[in-house]
>>> print(open('data-v9.pdb').read())   # PDB, C-alpha atoms
ATOM      1  CA  MET N   1       0.000   0.000   0.000
ATOM      2  CA  PRO N   2       1.344   3.489  -0.800
ATOM      3  CA  GLY N   3       3.011   5.207   2.107
ATOM      4  CA  GLU N   4       3.862   2.017   4.069
ATOM      5  CA  GLU N   5       7.579   2.589   3.555
ATOM      6  CA  LEU N   6       9.337   4.839   6.041
ATOM      7  CA  GLU N   7      11.111   6.870   3.376
ATOM      8  CA  ILE N   8       9.997  10.485   3.144
ATOM      9  CA  TRP N   9       8.829  11.264  -0.379
ATOM     10  CA  VAL N  10      10.247  14.783  -0.295
ATOM     11  CA  GLU N  11      13.738  13.253  -0.157
ATOM     12  CA  LYS N  12      12.934  10.193  -2.252
ATOM     13  CA  TYR N  13      11.715  12.277  -5.193
ATOM     14  CA  ARG N  14      14.048  15.240  -4.781
ATOM     15  CA  PRO N  15      15.499  15.924  -8.268
ATOM     16  CA  LYS N  16      19.050  14.651  -8.701
ATOM     17  CA  THR N  17      19.888  16.831 -11.710
ATOM     18  CA  LEU N  18      18.891  20.295 -12.859
ATOM     19  CA  ASP N  19      16.995  18.758 -15.810
ATOM     20  CA  GLU N  20      14.658  16.967 -13.380
ATOM     21  CA  MET N  21      13.578  20.203 -11.673
ATOM     22  CA  VAL N  22      10.140  21.556 -12.546
ATOM     23  CA  GLY N  23       9.569  25.279 -12.992
ATOM     24  CA  HIS N  24      12.261  27.983 -12.920
ATOM     25  CA  ALA N  25      13.322  27.236 -16.515
ATOM     26  CA  GLU N  26      15.313  30.463 -16.832
ATOM     27  CA  ILE N  27      17.196  29.910 -13.564
ATOM     28  CA  VAL N  28      17.933  26.279 -14.421
ATOM     29  CA  GLY N  29      19.284  27.328 -17.825
ATOM     30  CA  ARG N  30      21.757  29.775 -16.262
ATOM     31  CA  LEU N  31      22.864  27.262 -13.624
ATOM     32  CA  LYS N  32      23.467  24.610 -16.301
ATOM     33  CA  THR N  33      25.805  27.056 -18.034
ATOM     34  CA  PHE N  34      27.857  27.358 -14.824
ATOM     35  CA  VAL N  35      28.037  23.569 -14.553
ATOM     36  CA  LYS N  36      29.036  23.134 -18.198
ATOM     37  CA  LYS N  37      31.882  25.650 -17.891
ATOM     38  CA  LYS N  38      32.874  24.390 -14.404
ATOM     39  CA  ALA N  39      33.053  28.027 -13.328
ATOM     40  CA  MET N  40      30.621  30.020 -11.276
ATOM     41  CA  PRO N  41      30.475  33.007  -8.907
ATOM     42  CA  HIS N  42      29.164  32.894  -5.363
ATOM     43  CA  LEU N  43      25.405  32.379  -5.531
ATOM     44  CA  LEU N  44      22.500  33.715  -3.503
ATOM     45  CA  PHE N  45      19.170  31.885  -3.845
ATOM     46  CA  ALA N  46      16.222  33.826  -2.403
ATOM     47  CA  GLY N  47      12.545  32.987  -2.310
ATOM     48  CA  PRO N  48       9.695  31.321  -0.394
ATOM     49  CA  ALA N  49      10.038  27.917   1.263
ATOM     50  CA  GLY N  50       9.645  24.785  -0.828
ATOM     51  CA  THR N  51      10.452  26.355  -4.197
ATOM     52  CA  GLY N  52      13.667  24.455  -4.985
ATOM     53  CA  LYS N  53      16.530  26.562  -3.614
ATOM     54  CA  THR N  54      18.322  23.797  -1.688
ATOM     55  CA  THR N  55      17.513  21.267  -4.406
ATOM     56  CA  ALA N  56      19.126  23.485  -7.052
ATOM     57  CA  ALA N  57      22.303  23.777  -4.941
ATOM     58  CA  LEU N  58      22.515  19.998  -4.434
ATOM     59  CA  CYS N  59      21.916  19.382  -8.150
ATOM     60  CA  ILE N  60      24.810  21.730  -8.994
ATOM     61  CA  ALA N  61      27.093  19.787  -6.639
ATOM     62  CA  ARG N  62      26.069  16.408  -8.088
ATOM     63  CA  GLU N  63      26.558  17.516 -11.676
ATOM     64  CA  LEU N  64      29.894  19.206 -10.996
ATOM     65  CA  PHE N  65      31.538  16.521  -8.873
ATOM     66  CA  GLY N  66      29.746  13.299  -9.862
ATOM     67  CA  ASP N  67      30.026  10.460  -7.336
ATOM     68  CA  GLY N  68      32.429  12.469  -5.190
ATOM     69  CA  TRP N  69      30.006  15.339  -4.617
ATOM     70  CA  ARG N  70      29.711  14.676  -0.880
ATOM     71  CA  GLN N  71      33.459  15.167  -0.402
ATOM     72  CA  ASN N  72      33.303  18.532  -2.154
ATOM     73  CA  LEU N  73      30.219  19.948  -0.466
ATOM     74  CA  LEU N  74      29.841  21.339   3.039
ATOM     75  CA  GLU N  75      26.176  21.826   3.910
ATOM     76  CA  LEU N  76      25.332  23.875   6.997
ATOM     77  CA  ASN N  77      21.966  25.028   8.259
ATOM     78  CA  ALA N  78      22.563  28.567   9.395
ATOM     79  CA  SER N  79      19.448  28.607  11.583
ATOM     80  CA  ASP N  80      21.102  25.952  13.795
ATOM     81  CA  GLU N  81      24.680  27.206  13.517
ATOM     82  CA  ARG N  82      24.227  30.923  13.137
ATOM     83  CA  GLY N  83      27.054  32.458  15.162
ATOM     84  CA  ILE N  84      30.418  33.866  14.242
ATOM     85  CA  ASP N  85      32.246  30.846  15.743
ATOM     86  CA  THR N  86      30.733  28.545  13.110
ATOM     87  CA  ILE N  87      32.012  30.809  10.330
ATOM     88  CA  ARG N  88      35.463  31.106  11.894
ATOM     89  CA  THR N  89      35.883  27.369  12.547
ATOM     90  CA  LYS N  90      33.842  24.983  10.389
ATOM     91  CA  VAL N  91      33.547  27.202   7.327
ATOM     92  CA  LYS N  92      37.116  28.529   7.443
ATOM     93  CA  ASP N  93      38.679  25.095   8.002
ATOM     94  CA  TYR N  94      36.734  23.635   5.082
ATOM     95  CA  ALA N  95      37.294  26.599   2.748
ATOM     96  CA  ARG N  96      41.095  26.585   3.080
ATOM     97  CA  THR N  97      41.478  22.968   1.812
ATOM     98  CA  LYS N  98      41.748  22.121  -1.876
ATOM     99  CA  PRO N  99      38.943  20.311  -3.745
ATOM    100  CA  ILE N 100      39.053  16.654  -4.795
ATOM    101  CA  GLY N 101      38.844  16.067  -8.549
ATOM    102  CA  ASP N 102      39.193  18.244 -11.633
ATOM    103  CA  VAL N 103      36.816  21.035 -10.583
ATOM    104  CA  PRO N 104      38.911  23.957  -9.257
ATOM    105  CA  PHE N 105      36.662  24.719  -6.282
ATOM    106  CA  LYS N 106      34.496  23.144  -3.577
ATOM    107  CA  ILE N 107      31.031  24.330  -2.547
ATOM    108  CA  ILE N 108      29.858  25.582   0.835
ATOM    109  CA  LEU N 109      26.073  25.633   1.086
ATOM    110  CA  LEU N 110      24.658  27.829   3.842
ATOM    111  CA  ASP N 111      20.992  26.914   4.164
ATOM    112  CA  GLU N 112      18.655  29.528   5.689
ATOM    113  CA  SER N 113      21.502  32.027   5.648
ATOM    114  CA  ASP N 114      19.181  34.906   6.555
ATOM    115  CA  ALA N 115      19.341  33.512  10.116
ATOM    116  CA  LEU N 116      23.075  34.322  10.379
ATOM    117  CA  THR N 117      23.903  37.044  12.887
ATOM    118  CA  ALA N 118      25.299  40.349  11.629
ATOM    119  CA  ASP N 119      28.761  39.532  13.011
ATOM    120  CA  ALA N 120      28.726  36.139  11.309
ATOM    121  CA  GLN N 121      27.744  37.730   7.994
ATOM    122  CA  HIS N 122      30.617  40.225   8.199
ATOM    123  CA  ALA N 123      33.046  37.378   8.929
ATOM    124  CA  LEU N 124      31.571  35.463   5.996
ATOM    125  CA  ARG N 125      32.064  38.446   3.683
ATOM    126  CA  ARG N 126      35.798  38.438   4.377
ATOM    127  CA  MET N 127      36.005  34.687   3.868
ATOM    128  CA  MET N 128      34.271  34.918   0.498
ATOM    129  CA  GLU N 129      37.108  37.205  -0.606
ATOM    130  CA  MET N 130      39.970  35.175   0.848
ATOM    131  CA  PHE N 131      39.083  31.705  -0.430
ATOM    132  CA  THR N 132      37.771  32.287  -3.958
ATOM    133  CA  SER N 133      40.576  30.095  -5.321
ATOM    134  CA  THR N 134      39.372  27.005  -3.421
ATOM    135  CA  CYS N 135      35.624  27.326  -2.836
ATOM    136  CA  ARG N 136      32.342  28.903  -3.865
ATOM    137  CA  PHE N 137      29.549  29.834  -1.488
ATOM    138  CA  ILE N 138      25.870  29.166  -2.150
ATOM    139  CA  LEU N 139      23.591  30.978   0.267
ATOM    140  CA  ASP N 140      19.874  30.285   0.274
ATOM    141  CA  CYS N 141      17.347  32.295   2.230
ATOM    142  CA  ASN N 142      13.693  33.275   2.385
ATOM    143  CA  TYR N 143      14.384  36.999   2.769
ATOM    144  CA  SER N 144      17.325  38.442   0.848
ATOM    145  CA  SER N 145      16.827  41.784   2.628
ATOM    146  CA  ARG N 146      18.265  40.161   5.763
ATOM    147  CA  ILE N 147      21.556  39.482   3.987
ATOM    148  CA  ILE N 148      23.978  42.392   4.332
ATOM    149  CA  GLU N 149      24.630  44.407   1.189
ATOM    150  CA  PRO N 150      28.370  43.536   0.912
ATOM    151  CA  ILE N 151      27.489  39.823   0.638
ATOM    152  CA  GLN N 152      24.711  40.446  -1.890
ATOM    153  CA  SER N 153      27.109  42.427  -4.074
ATOM    154  CA  ARG N 154      29.550  39.494  -4.110
ATOM    155  CA  CYS N 155      26.906  37.017  -5.297
ATOM    156  CA  ALA N 156      24.898  36.326  -8.404
ATOM    157  CA  VAL N 157      21.342  36.602  -7.062
ATOM    158  CA  PHE N 158      18.649  34.157  -8.203
ATOM    159  CA  ARG N 159      15.083  34.787  -7.078
ATOM    160  CA  PHE N 160      12.871  31.706  -6.841
ATOM    161  CA  LYS N 161       9.125  32.313  -7.034
ATOM    162  CA  ARG N 162       6.291  30.094  -5.871
ATOM    163  CA  LEU N 163       5.692  27.177  -8.205
ATOM    164  CA  SER N 164       2.719  27.282 -10.545
ATOM    165  CA  ALA N 165      -0.204  24.865 -10.313
ATOM    166  CA  ASP N 166       0.977  23.078 -13.485
ATOM    167  CA  ASP N 167       4.491  22.596 -12.064
ATOM    168  CA  ILE N 168       3.133  21.072  -8.855
ATOM    169  CA  LYS N 169       0.698  18.836 -10.747
ATOM    170  CA  THR N 170       3.526  17.546 -12.934
ATOM    171  CA  MET N 171       5.444  16.379  -9.861
ATOM    172  CA  LEU N 172       2.335  14.943  -8.176
ATOM    173  CA  GLN N 173       1.504  12.870 -11.262
ATOM    174  CA  ARG N 174       5.102  11.646 -11.433
ATOM    175  CA  ILE N 175       4.935  10.447  -7.823
ATOM    176  CA  ALA N 176       1.474   8.869  -8.199
ATOM    177  CA  LYS N 177       2.707   6.874 -11.186
ATOM    178  CA  ALA N 178       5.835   5.693  -9.354
ATOM    179  CA  GLU N 179       3.954   4.790  -6.146
ATOM    180  CA  LYS N 180       1.074   3.155  -8.055
ATOM    181  CA  PHE N 181      -1.945   4.863  -6.536
ATOM    182  CA  ILE N 182      -4.867   6.774  -8.046
ATOM    183  CA  LEU N 183      -4.710  10.559  -7.895
ATOM    184  CA  THR N 184      -7.923  12.230  -9.023
ATOM    185  CA  GLN N 185      -8.142  15.635 -10.665
ATOM    186  CA  ASP N 186     -10.022  17.153  -7.727
ATOM    187  CA  GLY N 187      -7.400  15.613  -5.410
ATOM    188  CA  MET N 188      -4.631  17.372  -7.338
ATOM    189  CA  ASP N 189      -6.542  20.646  -7.271
ATOM    190  CA  ALA N 190      -6.979  20.327  -3.499
ATOM    191  CA  VAL N 191      -3.245  19.719  -2.961
ATOM    192  CA  VAL N 192      -2.413  22.745  -5.125
ATOM    193  CA  TYR N 193      -4.877  24.901  -3.175
ATOM    194  CA  VAL N 194      -3.508  23.883   0.218
ATOM    195  CA  SER N 195       0.194  23.985  -0.718
ATOM    196  CA  GLU N 196       0.121  27.544  -2.134
ATOM    197  CA  GLY N 197       3.097  27.032  -4.449
ATOM    198  CA  ASP N 198       5.224  25.133  -1.885
ATOM    199  CA  MET N 199       6.389  21.892  -3.513
ATOM    200  CA  ARG N 200       7.697  20.395  -0.271
ATOM    201  CA  ARG N 201       4.347  20.922   1.406
ATOM    202  CA  ALA N 202       2.489  19.522  -1.617
ATOM    203  CA  ILE N 203       4.512  16.285  -1.587
ATOM    204  CA  ASN N 204       4.092  15.850   2.168
ATOM    205  CA  ILE N 205       0.322  16.331   1.833
ATOM    206  CA  LEU N 206       0.223  13.770  -0.967
ATOM    207  CA  GLN N 207       2.172  11.198   1.063
ATOM    208  CA  ALA N 208      -0.070  11.670   4.089
ATOM    209  CA  ALA N 209      -3.216  11.268   1.985
ATOM    210  CA  ALA N 210      -1.849   8.238   0.103
ATOM    211  CA  THR N 211      -1.058   6.549   3.421
ATOM    212  CA  LEU N 212      -4.758   6.532   4.284
ATOM    213  CA  ARG N 213      -6.163   5.213   1.026
ATOM    214  CA  LYS N 214      -5.154   4.077  -2.449
ATOM    215  CA  LYS N 215      -7.344   6.694  -4.097
ATOM    216  CA  VAL N 216      -6.346  10.250  -3.273
ATOM    217  CA  ASP N 217      -9.255  12.588  -3.913
ATOM    218  CA  GLU N 218     -10.360  15.960  -2.593
ATOM    219  CA  LYS N 219     -11.955  14.436   0.515
ATOM    220  CA  ALA N 220      -8.772  12.567   1.458
ATOM    221  CA  VAL N 221      -6.643  15.712   1.126
ATOM    222  CA  TYR N 222      -8.881  17.907   3.278
ATOM    223  CA  GLU N 223      -9.211  15.163   5.917
ATOM    224  CA  VAL N 224      -5.436  14.884   6.196
ATOM    225  CA  MET N 225      -4.838  18.632   6.368
ATOM    226  CA  ALA N 226      -7.761  19.305   8.724
ATOM    227  CA  ILE N 227      -8.761  22.441   6.848
ATOM    228  CA  ALA N 228     -12.117  23.528   5.469
ATOM    229  CA  LYS N 229     -13.096  23.073   1.860
ATOM    230  CA  PRO N 230     -12.900  26.404  -0.005
ATOM    231  CA  GLU N 231     -16.569  26.220  -0.963
ATOM    232  CA  GLU N 232     -17.609  25.873   2.711
ATOM    233  CA  VAL N 233     -15.679  28.998   3.683
ATOM    234  CA  ARG N 234     -17.010  30.868   0.665
ATOM    235  CA  GLU N 235     -20.586  29.852   1.529
ATOM    236  CA  MET N 236     -20.169  31.122   5.102
ATOM    237  CA  VAL N 237     -18.926  34.518   3.919
ATOM    238  CA  GLN N 238     -21.706  34.781   1.324
ATOM    239  CA  LEU N 239     -24.362  33.973   3.939
ATOM    240  CA  ALA N 240     -23.016  36.768   6.134
ATOM    241  CA  LEU N 241     -23.012  39.254   3.227
ATOM    242  CA  GLN N 242     -26.612  38.271   2.466
ATOM    243  CA  VAL N 243     -27.444  39.303   6.067
ATOM    244  CA  ASN N 244     -28.253  35.679   6.919
ATOM    245  CA  PHE N 245     -26.173  35.984  10.067
ATOM    246  CA  LEU N 246     -27.581  33.029  12.021
ATOM    247  CA  GLU N 247     -26.892  30.590   9.170
ATOM    248  CA  ALA N 248     -23.377  32.002   8.731
ATOM    249  CA  ARG N 249     -22.819  31.642  12.493
ATOM    250  CA  LYS N 250     -24.042  28.031  12.351
ATOM    251  CA  LYS N 251     -21.552  27.342   9.552
ATOM    252  CA  LEU N 252     -18.773  28.942  11.598
ATOM    253  CA  HIS N 253     -19.560  26.729  14.593
ATOM    254  CA  SER N 254     -19.513  23.673  12.341
ATOM    255  CA  LEU N 255     -16.033  24.557  11.081
ATOM    256  CA  LEU N 256     -14.566  25.527  14.449
ATOM    257  CA  ILE N 257     -16.219  23.007  16.754
ATOM    258  CA  ASP N 258     -17.358  20.023  14.672
ATOM    259  CA  GLN N 259     -14.333  19.992  12.350
ATOM    260  CA  GLY N 260     -11.892  21.331  14.957
ATOM    261  CA  LEU N 261     -10.292  24.016  12.787
ATOM    262  CA  ALA N 262      -8.079  26.707  14.283
ATOM    263  CA  GLY N 263      -9.417  30.256  14.195
ATOM    264  CA  GLU N 264      -6.277  31.762  12.636
ATOM    265  CA  ASP N 265      -6.216  29.086   9.899
ATOM    266  CA  LEU N 266      -9.872  29.738   9.135
ATOM    267  CA  LEU N 267      -9.207  33.478   8.999
ATOM    268  CA  THR N 268      -6.445  32.876   6.451
ATOM    269  CA  GLN N 269      -8.866  30.889   4.284
ATOM    270  CA  ILE N 270     -11.509  33.604   4.583
ATOM    271  CA  HIS N 271      -8.930  36.114   3.354
ATOM    272  CA  ARG N 272      -8.198  33.960   0.295
ATOM    273  CA  GLU N 273     -11.874  33.420  -0.540
ATOM    274  CA  ILE N 274     -12.810  37.116  -0.409
ATOM    275  CA  TYR N 275     -10.952  37.688  -3.683
ATOM    276  CA  SER N 276     -13.049  35.065  -5.493
ATOM    277  CA  LEU N 277     -16.383  36.592  -4.429
ATOM    278  CA  LYS N 278     -18.489  38.296  -7.087
ATOM    279  CA  ILE N 279     -18.849  41.589  -5.237
ATOM    280  CA  PRO N 280     -17.649  45.145  -5.989
ATOM    281  CA  GLU N 281     -14.007  45.949  -5.364
ATOM    282  CA  GLU N 282     -14.949  48.514  -2.712
ATOM    283  CA  LEU N 283     -16.590  45.790  -0.615
ATOM    284  CA  LYS N 284     -13.559  43.524  -0.980
ATOM    285  CA  VAL N 285     -11.343  46.338   0.288
ATOM    286  CA  GLU N 286     -13.534  46.797   3.350
ATOM    287  CA  LEU N 287     -13.703  43.057   4.073
ATOM    288  CA  VAL N 288      -9.937  42.554   3.743
ATOM    289  CA  ASP N 289      -9.346  45.531   6.021
ATOM    290  CA  LYS N 290     -11.556  43.939   8.680
ATOM    291  CA  VAL N 291      -9.909  40.520   8.274
ATOM    292  CA  GLY N 292      -6.571  42.181   9.061
ATOM    293  CA  GLU N 293      -8.047  43.812  12.156
ATOM    294  CA  PHE N 294      -9.515  40.558  13.495
ATOM    295  CA  SER N 295      -6.297  38.680  12.701
ATOM    296  CA  TYR N 296      -4.454  41.131  14.930
ATOM    297  CA  ARG N 297      -6.986  40.576  17.706
ATOM    298  CA  LEU N 298      -6.497  36.801  17.548
ATOM    299  CA  VAL N 299      -2.711  37.160  17.611
ATOM    300  CA  GLN N 300      -3.091  39.291  20.739
ATOM    301  CA  GLY N 301      -4.933  36.423  22.451
ATOM    302  CA  ALA N 302      -8.622  37.302  22.065
ATOM    303  CA  ASN N 303     -11.283  34.568  22.113
ATOM    304  CA  GLU N 304     -11.383  33.181  18.565
ATOM    305  CA  LEU N 305     -15.070  32.206  18.543
ATOM    306  CA  LEU N 306     -16.203  35.628  19.750
ATOM    307  CA  GLN N 307     -13.917  37.462  17.341
ATOM    308  CA  LEU N 308     -14.925  35.409  14.302
ATOM    309  CA  GLU N 309     -18.609  35.839  15.141
ATOM    310  CA  ALA N 310     -17.989  39.586  15.428
ATOM    311  CA  MET N 311     -16.277  39.515  12.031
ATOM    312  CA  LEU N 312     -19.288  37.766  10.446
ATOM    313  CA  ALA N 313     -21.552  40.355  12.092
ATOM    314  CA  HIS N 314     -19.477  43.101  10.491
ATOM    315  CA  PHE N 315     -19.692  41.322   7.117
ATOM    316  CA  ALA N 316     -23.492  41.277   7.539
ATOM    317  CA  LEU N 317     -23.514  45.022   8.208
ATOM    318  CA  VAL N 318     -21.356  45.602   5.129
ATOM    319  CA  GLY N 319     -23.725  43.475   3.054
ATOM    320  CA  LYS N 320     -26.765  45.350   4.400
ATOM    321  CA  SER N 321     -25.284  48.786   3.630
ATOM    322  CA  ALA N 322     -24.390  47.656   0.101
ATOM    323  CA  ARG N 323     -27.983  46.795  -0.778
TER     324      ARG N 323
END
>>> encode(input="data-v9.pdb", output="structure tokens")
Amino acid sequence: MPGEELEIWVEKYRPKTLDEMVGHAEIVGRLKTFVKKKAMPHLLFAGPAGTGKTTAALCIARELFGDGWRQNLLELNASDERGIDTIRTKVKDYARTKPIGDVPFKIILLDESDALTADAQHALRRMMEMFTSTCRFILDCNYSSRIIEPIQSRCAVFRFKRLSADDIKTMLQRIAKAEKFILTQDGMDAVVYVSEGDMRRAINILQAAATLRKKVDEKAVYEVMAIAKPEEVREMVQLALQVNFLEARKKLHSLLIDQGLAGEDLLTQIHREIYSLKIPEELKVELVDKVGEFSYRLVQGANELLQLEAMLAHFALVGKSAR
């Protein structure tokens, strides 16, 4: 049965070469040029989680060094080892040694490098200058603005964007075929909706759903993720806008109490569904503004049921004034 093995699909199906990566065609093309010429600058990969930054770095190492790629790659997670001592010891000791093989440099991959302290980044800047003859640095991060300007100016910057629905579906179909289970169209659409362009999250959702049953459909995906179906959230908001407050409140209780959803997660879904409503733009502006206000209240520790009921009451007032 799919999912019985202990192996995590995110690692099992991680692309081994740049050609296997989906999406980012322009970035992949430029990286393949570096590999072909066996020459590249320091690299900075920036973008949201699960979009292929670490995978791209590992693919570069595999294609450059072949079977000996592990001996020529130092991979550090900067969120765990973020201080100046790590840069001065581990990174410096590795950078000063010569590479193995015919490629003139080794690679140091600093994952989540935006977590490095300011002192560590300044030490890293100096090291990037000193050891260019023996190593290249690849920094990946979610927020490039947290990397100091001197490091950014020493790197070729590649910005990874969220993956498109077609890119995610391509990978999901590839996995379903390899694991021999049925993946329905509505199941794929549900995974795409929940993952929001994050390939890692999409694959994890798929594995969790495939563990439960051999046919992964929309119902299986939403059961695994414990989130509301988009149409249920949309219906609740529409009921409130139609000044049918009691029915909207009943729907809210069903989602929060019967289905056990978290208030903040439900608020995030409400925010997404507002944009798909067939209402004037002015109303959408007002609704989004209120969603932001109630999100702040929840973050500050207010009672989620009371706050979400108050939000639906406000939606009803907005709907009444718009008539």
>>> resolve_selection(input="data-v9.pdb", expression="the PyMOL selection byres ((chain N and resi 257-272) around 9)", output="PDB file with C-alpha atoms, in the frame of the given file")
ATOM      1  CA  ALA N 226      -7.761  19.305   8.724  1.00  0.00           C
ATOM      2  CA  ILE N 227      -8.761  22.441   6.848  1.00  0.00           C
ATOM      3  CA  ALA N 228     -12.117  23.528   5.469  1.00  0.00           C
ATOM      4  CA  PRO N 230     -12.900  26.404  -0.005  1.00  0.00           C
ATOM      5  CA  VAL N 233     -15.679  28.998   3.683  1.00  0.00           C
ATOM      6  CA  ARG N 234     -17.010  30.868   0.665  1.00  0.00           C
ATOM      7  CA  VAL N 237     -18.926  34.518   3.919  1.00  0.00           C
ATOM      8  CA  LEU N 252     -18.773  28.942  11.598  1.00  0.00           C
ATOM      9  CA  HIS N 253     -19.560  26.729  14.593  1.00  0.00           C
ATOM     10  CA  SER N 254     -19.513  23.673  12.341  1.00  0.00           C
ATOM     11  CA  LEU N 255     -16.033  24.557  11.081  1.00  0.00           C
ATOM     12  CA  LEU N 256     -14.566  25.527  14.449  1.00  0.00           C
ATOM     13  CA  GLU N 273     -11.874  33.420  -0.540  1.00  0.00           C
ATOM     14  CA  ILE N 274     -12.810  37.116  -0.409  1.00  0.00           C
ATOM     15  CA  TYR N 275     -10.952  37.688  -3.683  1.00  0.00           C
ATOM     16  CA  SER N 276     -13.049  35.065  -5.493  1.00  0.00           C
ATOM     17  CA  LEU N 287     -13.703  43.057   4.073  1.00  0.00           C
ATOM     18  CA  VAL N 288      -9.937  42.554   3.743  1.00  0.00           C
ATOM     19  CA  VAL N 291      -9.909  40.520   8.274  1.00  0.00           C
ATOM     20  CA  GLY N 292      -6.571  42.181   9.061  1.00  0.00           C
ATOM     21  CA  PHE N 294      -9.515  40.558  13.495  1.00  0.00           C
ATOM     22  CA  SER N 295      -6.297  38.680  12.701  1.00  0.00           C
ATOM     23  CA  LEU N 298      -6.497  36.801  17.548  1.00  0.00           C
ATOM     24  CA  VAL N 299      -2.711  37.160  17.611  1.00  0.00           C
ATOM     25  CA  GLU N 304     -11.383  33.181  18.565  1.00  0.00           C
ATOM     26  CA  LEU N 305     -15.070  32.206  18.543  1.00  0.00           C
ATOM     27  CA  LEU N 308     -14.925  35.409  14.302  1.00  0.00           C
TER      28      LEU N 308
END
>>> atom_distance(input="data-v9.pdb", atom1="CA of Leu163 (chain N)", atom2="CA of His24 (chain N)")
8.1 Å
>>> axis_aligned_box(input="data-v9.pdb", around="region 246-254 of chain N", padding_each_side="6 Å", output="lines of an AutoDock Vina configuration file")
center_x = -23.2
center_y = 28.4
center_z = 11.7
size_x = 20.8
size_y = 21.4
size_z = 17.9
>>> atom_distance(input="data-v9.pdb", atom1="CA of Phe181 (chain N)", atom2="CA of Ile203 (chain N)")
14.0 Å
>>> residues_around(input="data-v9.pdb", residues="Ala210 (chain N)", least_positions_apart="5", cutoff="12 Å", atoms="only C-alpha atoms", output="list in words")
Met1, Pro2, Gly3, Glu4, Glu5, Trp9, Leu172, Ile175, Ala176, Glu179, Lys180, Phe181, Ile182, Leu183, Thr184, Gly187, Val191, Ile203, Asn204, Ile205, Lys215, Val216, Asp217, Glu218, Lys219, Ala220, Val221, Glu223 and Val224 of chain N
>>> residues_around(input="data-v9.pdb", residues="Met171 (chain N)", least_positions_apart="4", cutoff="10 Å", atoms="all atoms listed in the file", output="VMD selection string")
chain N and resid 13 20 to 22 166 to 167 175 to 177 199 202 to 203
>>> write_last_selection(input="data-v9.pdb", atoms="C-alpha atoms", output="PDB file, keeping the file's coordinate frame")
ATOM      1  CA  TYR N  13      11.715  12.277  -5.193  1.00  0.00           C
ATOM      2  CA  GLU N  20      14.658  16.967 -13.380  1.00  0.00           C
ATOM      3  CA  MET N  21      13.578  20.203 -11.673  1.00  0.00           C
ATOM      4  CA  VAL N  22      10.140  21.556 -12.546  1.00  0.00           C
ATOM      5  CA  ASP N 166       0.977  23.078 -13.485  1.00  0.00           C
ATOM      6  CA  ASP N 167       4.491  22.596 -12.064  1.00  0.00           C
ATOM      7  CA  ILE N 175       4.935  10.447  -7.823  1.00  0.00           C
ATOM      8  CA  ALA N 176       1.474   8.869  -8.199  1.00  0.00           C
ATOM      9  CA  LYS N 177       2.707   6.874 -11.186  1.00  0.00           C
ATOM     10  CA  MET N 199       6.389  21.892  -3.513  1.00  0.00           C
ATOM     11  CA  ALA N 202       2.489  19.522  -1.617  1.00  0.00           C
ATOM     12  CA  ILE N 203       4.512  16.285  -1.587  1.00  0.00           C
TER      13      ILE N 203
END
>>> atom_distance(input="data-v9.pdb", atom1="CA of Glu281 (chain N)", atom2="CA of Leu241 (chain N)")
14.1 Å
>>> residues_around(input="data-v9.pdb", residues="Asp114 (chain N)", least_positions_apart="5", cutoff="10 Å", atoms="all atoms listed in the file", output="list in words")
Ala46, Ala78, Ser79, Arg82, Gln121, Leu139, Asp140, Cys141, Asn142, Tyr143, Ser144, Ser145, Arg146, Ile147 and Ile148 of chain N
>>> resolve_selection(input="data-v9.pdb", expression="the PyMOL selection byres ((chain N and resi 159) around 6)", output="list in words")
Phe45, Ala46, Gly47, Phe158 and Phe160 of chain N
>>> resolve_selection(input="data-v9.pdb", expression="the PyMOL selection byres ((chain N and resi 60) around 9)", output="compact mmCIF listing (two decimals) with C-alpha atoms, in the frame of the given file")
# COMPACT_ATOMS: atom_id res chain seq x y z
CA THR N 17 19.89 16.83 -11.71
CA LEU N 18 18.89 20.30 -12.86
CA LEU N 31 22.86 27.26 -13.62
CA LYS N 32 23.47 24.61 -16.30
CA PHE N 34 27.86 27.36 -14.82
CA VAL N 35 28.04 23.57 -14.55
CA THR N 55 17.51 21.27 -4.41
CA ALA N 56 19.13 23.48 -7.05
CA ALA N 57 22.30 23.78 -4.94
CA LEU N 58 22.52 20.00 -4.43
CA CYS N 59 21.92 19.38 -8.15
CA ALA N 61 27.09 19.79 -6.64
CA ARG N 62 26.07 16.41 -8.09
CA GLU N 63 26.56 17.52 -11.68
CA LEU N 64 29.89 19.21 -11.00
CA PHE N 65 31.54 16.52 -8.87
>>> closest_residue(input="data-v9.pdb", among="N:Ile100, N:Ile168, N:Ala208, N:Ala25", to="Asp67 (chain N)", atoms="only C-alpha atoms")
N:Ile100
>>> residues_around(input="data-v9.pdb", residues="Pro41 (chain N)", least_positions_apart="4", cutoff="8 Å", atoms="all atoms listed in the file", output="VMD selection string")
chain N and resid 136 155 to 156
>>> closest_residue(input="data-v9.pdb", among="N:Asp198, N:Asp186, N:Asp19, N:Asp119", to="Ala49 (chain N)", atoms="all atoms listed in the file")
N:Asp198
